[in-house]
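As structure tokens, the structure follows; a few thoughts come after it.
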Amino acid sequence: SVQLARHKSRPTALDYIGRIVTNFVELHGDRTYGDDGALVCGLGQIGAQTVIVIGQERGGKEDKPDRRDGRTSPEGFRKAQRAFRLASKFELPLVTLIDTPGPYTSLDAEERGLGNVLATTMSQMFALKVPSIAVIIGEGGSEGALALAVSNRVIMMEHAIYSVVSPENAAGLIYQDVTRANEVAESLKLTAQDCMDLGIVDIVVREPLGGAHTNPDEA
């Protein structure tokens, strides 16, 4: 499941947005510092319903440096908060597509308020009065995922993962040996079925045989 969730050909947030959301208009910038390519957000329609969509974008096979493999920066979370405010103002449902190994941790990110913005993103999403759905489409890693998953319903793709810590980091903490990640992975209970059994997610969406990357349209 971990390998499938991280597969380079796995559909990304923009792949799903392009197939599901019509008339999508992307918003850029956090109105404070800059624009984060690892998080996309905007307005569009699902059926006849206008929605606000926020997605963590890994870049897939493009492997673009500005995507940082989906690691969201403080600017990205502030951009998400900007989308929250739009959803509240115009009473639009919110959909978040979650796919990140975790937030972008660096000295620069900490100086720009990463810890604070993670906390305020969670609290603001929790306080939203509009309907919200979070979909874990790939890797749901730590607070980088949780900040955008405080929603009315949480949906998880069959081969996605959702965990407080990555298997590699957990192995480093427990054994001081990241090569023992395979041993730790099972105990983390990070698969979609584990999360369903634990009541963490509401719905598990079946994927095409072999994983979502084998047939993105069907996924």
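Identifiers for the structure tokens are assigned positionally: chains receive A, B, ... in sequence, residues are indexed from 1 per chain, and ligands are indexed from 1 in the order shown.
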Find the spatial neighbours of Ser132 (chain A), counting only C-alpha atoms, within a cut-off of 6 Å - ignore same-chain residues fewer than 4 positions away - and output them as number ranges by chain.
A: 93-95, 151-152
Members of region 24-157 of chain A assigned strand (DSSP E) by DSSP, as an NGL selection string:
:A and (24-27 or 39-46 or 49-56 or 94-100 or 132-141 or 153-157)
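Proximity to Gly59 (chain A) was assessed for A:Ile98, A:Val205, A:Leu14, A:Ile46 counting only C-alpha atoms; the smallest distance is recorded for A:Leu14.
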Filtered DSSP result for region 3-206 of chain A, state alpha helix (DSSP H), as a count of residues only:
73
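Atom to atom, CA of Asn182 (chain A) and CA of Ala5 (chain A) stand 14.7 Å apart.
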Residue neighbourhood Ala48 (chain A), 12 Å, only C-alpha atoms, exclusion window fewer than 6 positions, as a VMD selection string:
chain A and resid 20 to 23
Determine, counting only C-alpha atoms, which protein, DNA and RNA residues have an atom within 12 Å of an atom of Ala181 (chain A); residues of the same chain fewer than 4 positions away are not included. Present the result as a ChimeraX atom specification.
/A:2-3,165-177,185-188
